[in-house]
Amino acid sequence: KAGVTQTPRYLIKTRGQQVTLSCSPISGHRSVSWYQQTPGQGLQFLFEYFSETQRNKGNFPGRFSGRQFSNSRSEMNVSTLELGDSALYLCASSLLAGGSNEQFFGPGTRLTVL
Amino acid sequence: GENVEQHPSTLSVQEGDSAVIKCTYSDSASNYFPWYKQELGKRPQLIIDIRSNVGEKKDQRIAVTLNKTAKHFSLHITETQPEDSAVYFCAASWAPGGGGNKLTFGTGTQLKVEL
């Protein structure tokens, strides 16, 4: 079974621009979560989608948004990019939503904001 | 919300020794505690997990213990090998009112196994 995939793997943008990242979960998985990883803040939860609905949201500004499609693929969007948005963005998929489901991570998208 | 503290931030051991990483969590409602290993430039990989109805779980050289009363859980690696060198993250899953998965991660432990 193919693992979680993310595109693109690397992205360079300038301040003020917007960006869209994509995540394809493991086949059959219906939950997709997004995390931001930075050296200073570690791994922080952004949001989770299940059956095209946002189930949970972390403490990030409204510039960060996401969505999920009927095939469970998910996208996240960051508008009006700031230098501090430079990070590794990881998505993780799990079979179901719920508090104790194993999550499998993708390779991440490395976003650099100049 | 949940808060997870992880110690130590760096750990250096000799090959063959044991390594222990400890985490504490704040929300007694948390019921799932996974441990992830992340090698440089790679994705986090789940190495072991434990649920709140279990006190200990073991998988070959890796074990995890959970003390719900004290709200802490630990990762134990025995007979460490150079390939165990990586950053290890603990996490707690807190299911807010709407359910769903929401992992709160510790700050990570850089484990170095020296020859």
# chains A, B, ... in the order shown; residues from 1 in each chain; ligands from 1
call {"tool": "closest_atom_pairs", "arguments": {"of": "chain A", "to": "chain B", "cutoff": "12 Å", "atoms": "only C-alpha atoms", "output": "Markdown table"}}
result
| residue | atom | partner | partner_atom | distance |
| --- | --- | --- | --- | --- |
| A:Gly3 | CA | B:Arg43 | CA | 11.4 |
| A:Val4 | CA | B:Arg43 | CA | 10.3 |
| A:Thr5 | CA | B:Arg43 | CA | 10.9 |
| A:Gln6 | CA | B:Arg43 | CA | 11.2 |
| A:Arg9 | CA | B:Gly41 | CA | 11.7 |
| A:Arg30 | CA | B:Gly100 | CA | 11.2 |
| A:Ser31 | CA | B:Asn101 | CA | 8.2 |
| A:Val32 | CA | B:Asn101 | CA | 9.0 |
| A:Ser33 | CA | B:Asn101 | CA | 7.6 |
| A:Trp34 | CA | B:Lys102 | CA | 9.7 |
| A:Tyr35 | CA | B:Leu103 | CA | 9.3 |
| A:Gln36 | CA | B:Phe105 | CA | 11.2 |
| A:Gln37 | CA | B:Phe105 | CA | 10.5 |
| A:Thr38 | CA | B:Thr107 | CA | 10.5 |
| A:Pro39 | CA | B:Thr107 | CA | 9.4 |
| A:Gly40 | CA | B:Thr107 | CA | 9.0 |
| A:Gln41 | CA | B:Thr107 | CA | 7.7 |
| A:Gly42 | CA | B:Thr107 | CA | 5.6 |
| A:Leu43 | CA | B:Phe105 | CA | 6.1 |
| A:Gln44 | CA | B:Thr104 | CA | 7.0 |
| A:Phe45 | CA | B:Leu103 | CA | 6.8 |
| A:Leu46 | CA | B:Lys102 | CA | 9.0 |
| A:Phe47 | CA | B:Lys102 | CA | 7.9 |
| A:Glu48 | CA | B:Asn101 | CA | 6.9 |
| A:Tyr49 | CA | B:Gly100 | CA | 8.4 |
| A:Phe50 | CA | B:Gly100 | CA | 7.9 |
| A:Ser51 | CA | B:Gly100 | CA | 11.2 |
| A:Thr53 | CA | B:Gly100 | CA | 10.7 |
| A:Gln54 | CA | B:Gly100 | CA | 9.3 |
| A:Arg55 | CA | B:Gly100 | CA | 5.9 |
| A:Asn56 | CA | B:Gly100 | CA | 6.6 |
| A:Lys57 | CA | B:Lys102 | CA | 8.4 |
| A:Gly58 | CA | B:Lys102 | CA | 8.4 |
| A:Asn59 | CA | B:Gly1 | CA | 10.3 |
| A:Leu88 | CA | B:Arg43 | CA | 10.0 |
| A:Tyr89 | CA | B:Arg43 | CA | 10.5 |
| A:Leu90 | CA | B:Arg43 | CA | 8.0 |
| A:Cys91 | CA | B:Arg43 | CA | 9.8 |
| A:Ala92 | CA | B:Pro44 | CA | 9.7 |
| A:Ser93 | CA | B:Asn101 | CA | 9.8 |
| A:Ser94 | CA | B:Asn101 | CA | 8.7 |
| A:Leu95 | CA | B:Asn101 | CA | 10.7 |
| A:Leu96 | CA | B:Gly100 | CA | 8.2 |
| A:Ala97 | CA | B:Gly100 | CA | 4.4 |
| A:Gly98 | CA | B:Gly100 | CA | 4.2 |
| A:Gly99 | CA | B:Ala95 | CA | 4.8 |
| A:Ser100 | CA | B:Tyr32 | CA | 4.9 |
| A:Asn101 | CA | B:Asn101 | CA | 7.2 |
| A:Glu102 | CA | B:Pro34 | CA | 7.9 |
| A:Gln103 | CA | B:Leu46 | CA | 7.9 |
| A:Phe104 | CA | B:Gln45 | CA | 7.3 |
| A:Phe105 | CA | B:Pro44 | CA | 6.3 |
| A:Gly106 | CA | B:Arg43 | CA | 6.3 |
| A:Pro107 | CA | B:Arg43 | CA | 4.9 |
| A:Gly108 | CA | B:Arg43 | CA | 6.9 |
| A:Thr109 | CA | B:Arg43 | CA | 10.4 |
| A:Arg110 | CA | B:Gly41 | CA | 10.2 |
call {"tool": "residues_around", "arguments": {"residues": "Pro61 of chain A", "least_positions_apart": "4", "cutoff": "12 Å", "atoms": "only C-alpha atoms", "output": "MDAnalysis selection string"}}
result
chainID A and resid 46:47 57 65 77:82 85
call {"tool": "write_last_selection", "arguments": {"atoms": "all heavy atoms", "output": "PDB file, in the first residue's frame"}}
result
ATOM      1  N   LEU A  46      -2.183  21.908  13.168  1.00  0.00           N
ATOM      2  CA  LEU A  46      -2.882  22.964  12.434  1.00  0.00           C
ATOM      3  C   LEU A  46      -4.378  22.676  12.386  1.00  0.00           C
ATOM      4  O   LEU A  46      -5.188  23.467  12.861  1.00  0.00           O
ATOM      5  CB  LEU A  46      -2.332  23.063  11.013  1.00  0.00           C
ATOM      6  CG  LEU A  46      -1.012  23.833  10.864  1.00  0.00           C
ATOM      7  CD1 LEU A  46      -0.264  23.379   9.626  1.00  0.00           C
ATOM      8  CD2 LEU A  46      -1.280  25.322  10.796  1.00  0.00           C
ATOM      9  N   PHE A  47      -4.759  21.583  11.740  1.00  0.00           N
ATOM     10  CA  PHE A  47      -6.160  21.179  11.679  1.00  0.00           C
ATOM     11  C   PHE A  47      -6.273  19.744  11.214  1.00  0.00           C
ATOM     12  O   PHE A  47      -5.315  19.148  10.730  1.00  0.00           O
ATOM     13  CB  PHE A  47      -7.006  22.102  10.775  1.00  0.00           C
ATOM     14  CG  PHE A  47      -6.273  22.769   9.654  1.00  0.00           C
ATOM     15  CD1 PHE A  47      -5.710  22.039   8.621  1.00  0.00           C
ATOM     16  CD2 PHE A  47      -6.151  24.147   9.620  1.00  0.00           C
ATOM     17  CE1 PHE A  47      -5.041  22.662   7.583  1.00  0.00           C
ATOM     18  CE2 PHE A  47      -5.485  24.785   8.582  1.00  0.00           C
ATOM     19  CZ  PHE A  47      -4.927  24.038   7.569  1.00  0.00           C
ATOM     20  N   LYS A  57      -9.144  22.239  15.102  1.00  0.00           N
ATOM     21  CA  LYS A  57      -8.303  23.318  14.609  1.00  0.00           C
ATOM     22  C   LYS A  57      -7.326  23.710  15.706  1.00  0.00           C
ATOM     23  O   LYS A  57      -7.699  23.804  16.875  1.00  0.00           O
ATOM     24  CB  LYS A  57      -9.167  24.522  14.226  1.00  0.00           C
ATOM     25  CG  LYS A  57      -8.425  25.595  13.452  1.00  0.00           C
ATOM     26  CD  LYS A  57      -9.388  26.712  13.055  1.00  0.00           C
ATOM     27  CE  LYS A  57      -8.785  27.709  12.082  1.00  0.00           C
ATOM     28  NZ  LYS A  57      -7.434  28.113  12.337  1.00  0.00           N
ATOM     29  N   SER A  65      -5.642  27.845   6.188  1.00  0.00           N
ATOM     30  CA  SER A  65      -6.926  27.200   5.945  1.00  0.00           C
ATOM     31  C   SER A  65      -6.688  25.878   5.220  1.00  0.00           C
ATOM     32  O   SER A  65      -5.594  25.623   4.722  1.00  0.00           O
ATOM     33  CB  SER A  65      -7.851  28.097   5.130  1.00  0.00           C
ATOM     34  OG  SER A  65      -7.295  28.342   3.850  1.00  0.00           O
ATOM     35  N   ASN A  77      -3.871  25.882   2.644  1.00  0.00           N
ATOM     36  CA  ASN A  77      -3.540  27.139   1.991  1.00  0.00           C
ATOM     37  C   ASN A  77      -3.052  28.126   3.048  1.00  0.00           C
ATOM     38  O   ASN A  77      -3.607  28.192   4.149  1.00  0.00           O
ATOM     39  CB  ASN A  77      -4.775  27.691   1.276  1.00  0.00           C
ATOM     40  CG  ASN A  77      -4.481  28.971   0.521  1.00  0.00           C
ATOM     41  OD1 ASN A  77      -4.494  30.053   1.091  1.00  0.00           O
ATOM     42  ND2 ASN A  77      -4.194  28.839  -0.751  1.00  0.00           N
ATOM     43  N   VAL A  78      -2.010  28.828   2.711  1.00  0.00           N
ATOM     44  CA  VAL A  78      -1.528  29.909   3.575  1.00  0.00           C
ATOM     45  C   VAL A  78      -1.526  31.181   2.751  1.00  0.00           C
ATOM     46  O   VAL A  78      -0.869  31.244   1.698  1.00  0.00           O
ATOM     47  CB  VAL A  78      -0.121  29.649   4.137  1.00  0.00           C
ATOM     48  CG1 VAL A  78       0.227  30.709   5.189  1.00  0.00           C
ATOM     49  CG2 VAL A  78      -0.016  28.248   4.740  1.00  0.00           C
ATOM     50  N   SER A  79      -2.267  32.181   3.187  1.00  0.00           N
ATOM     51  CA  SER A  79      -2.332  33.444   2.451  1.00  0.00           C
ATOM     52  C   SER A  79      -1.427  34.476   3.130  1.00  0.00           C
ATOM     53  O   SER A  79      -1.042  34.316   4.299  1.00  0.00           O
ATOM     54  CB  SER A  79      -3.773  33.951   2.409  1.00  0.00           C
ATOM     55  OG  SER A  79      -4.241  34.197   3.721  1.00  0.00           O
ATOM     56  N   THR A  80      -1.105  35.504   2.396  1.00  0.00           N
ATOM     57  CA  THR A  80      -0.288  36.613   2.906  1.00  0.00           C
ATOM     58  C   THR A  80       0.887  36.083   3.721  1.00  0.00           C
ATOM     59  O   THR A  80       1.021  36.309   4.929  1.00  0.00           O
ATOM     60  CB  THR A  80      -1.139  37.569   3.768  1.00  0.00           C
ATOM     61  OG1 THR A  80      -2.432  37.754   3.190  1.00  0.00           O
ATOM     62  CG2 THR A  80      -0.461  38.924   3.882  1.00  0.00           C
ATOM     63  N   LEU A  81       1.750  35.359   3.060  1.00  0.00           N
ATOM     64  CA  LEU A  81       2.862  34.694   3.718  1.00  0.00           C
ATOM     65  C   LEU A  81       3.744  35.658   4.494  1.00  0.00           C
ATOM     66  O   LEU A  81       4.015  36.788   4.058  1.00  0.00           O
ATOM     67  CB  LEU A  81       3.706  33.936   2.691  1.00  0.00           C
ATOM     68  CG  LEU A  81       3.117  32.620   2.183  1.00  0.00           C
ATOM     69  CD1 LEU A  81       3.860  32.156   0.940  1.00  0.00           C
ATOM     70  CD2 LEU A  81       3.146  31.563   3.272  1.00  0.00           C
ATOM     71  N   GLU A  82       4.204  35.179   5.664  1.00  0.00           N
ATOM     72  CA  GLU A  82       5.139  35.927   6.498  1.00  0.00           C
ATOM     73  C   GLU A  82       6.424  35.104   6.627  1.00  0.00           C
ATOM     74  O   GLU A  82       6.420  33.889   6.434  1.00  0.00           O
ATOM     75  CB  GLU A  82       4.531  36.168   7.883  1.00  0.00           C
ATOM     76  CG  GLU A  82       3.244  36.961   7.849  1.00  0.00           C
ATOM     77  CD  GLU A  82       2.619  37.122   9.226  1.00  0.00           C
ATOM     78  OE1 GLU A  82       3.191  36.605  10.210  1.00  0.00           O
ATOM     79  OE2 GLU A  82       1.552  37.772   9.315  1.00  0.00           O
ATOM     80  N   ASP A  85       6.430  31.922   8.559  1.00  0.00           N
ATOM     81  CA  ASP A  85       5.711  30.746   8.047  1.00  0.00           C
ATOM     82  C   ASP A  85       6.679  29.719   7.449  1.00  0.00           C
ATOM     83  O   ASP A  85       6.251  28.619   7.086  1.00  0.00           O
ATOM     84  CB  ASP A  85       4.693  31.162   6.990  1.00  0.00           C
ATOM     85  CG  ASP A  85       3.602  32.061   7.549  1.00  0.00           C
ATOM     86  OD1 ASP A  85       3.316  31.953   8.761  1.00  0.00           O
ATOM     87  OD2 ASP A  85       3.042  32.869   6.777  1.00  0.00           O
TER      88      ASP A  85
END
call {"tool": "atom_distance", "arguments": {"atom1": "atom CA of Ser27 of chain A", "atom2": "atom CA of Arg67 of chain A"}}
result
17.8 Å
call {"tool": "closest_residue", "arguments": {"among": "A:Val113, A:Gly28, A:Ala2, A:Asn71", "to": "Gly16 of chain A", "atoms": "only C-alpha atoms"}}
result
A:Val113
call {"tool": "residues_around", "arguments": {"residues": "Lys22 of chain B", "least_positions_apart": "5", "cutoff": "9 Å", "atoms": "only C-alpha atoms", "output": "ChimeraX atom specification"}}
result
/B:5-8,72-76,90
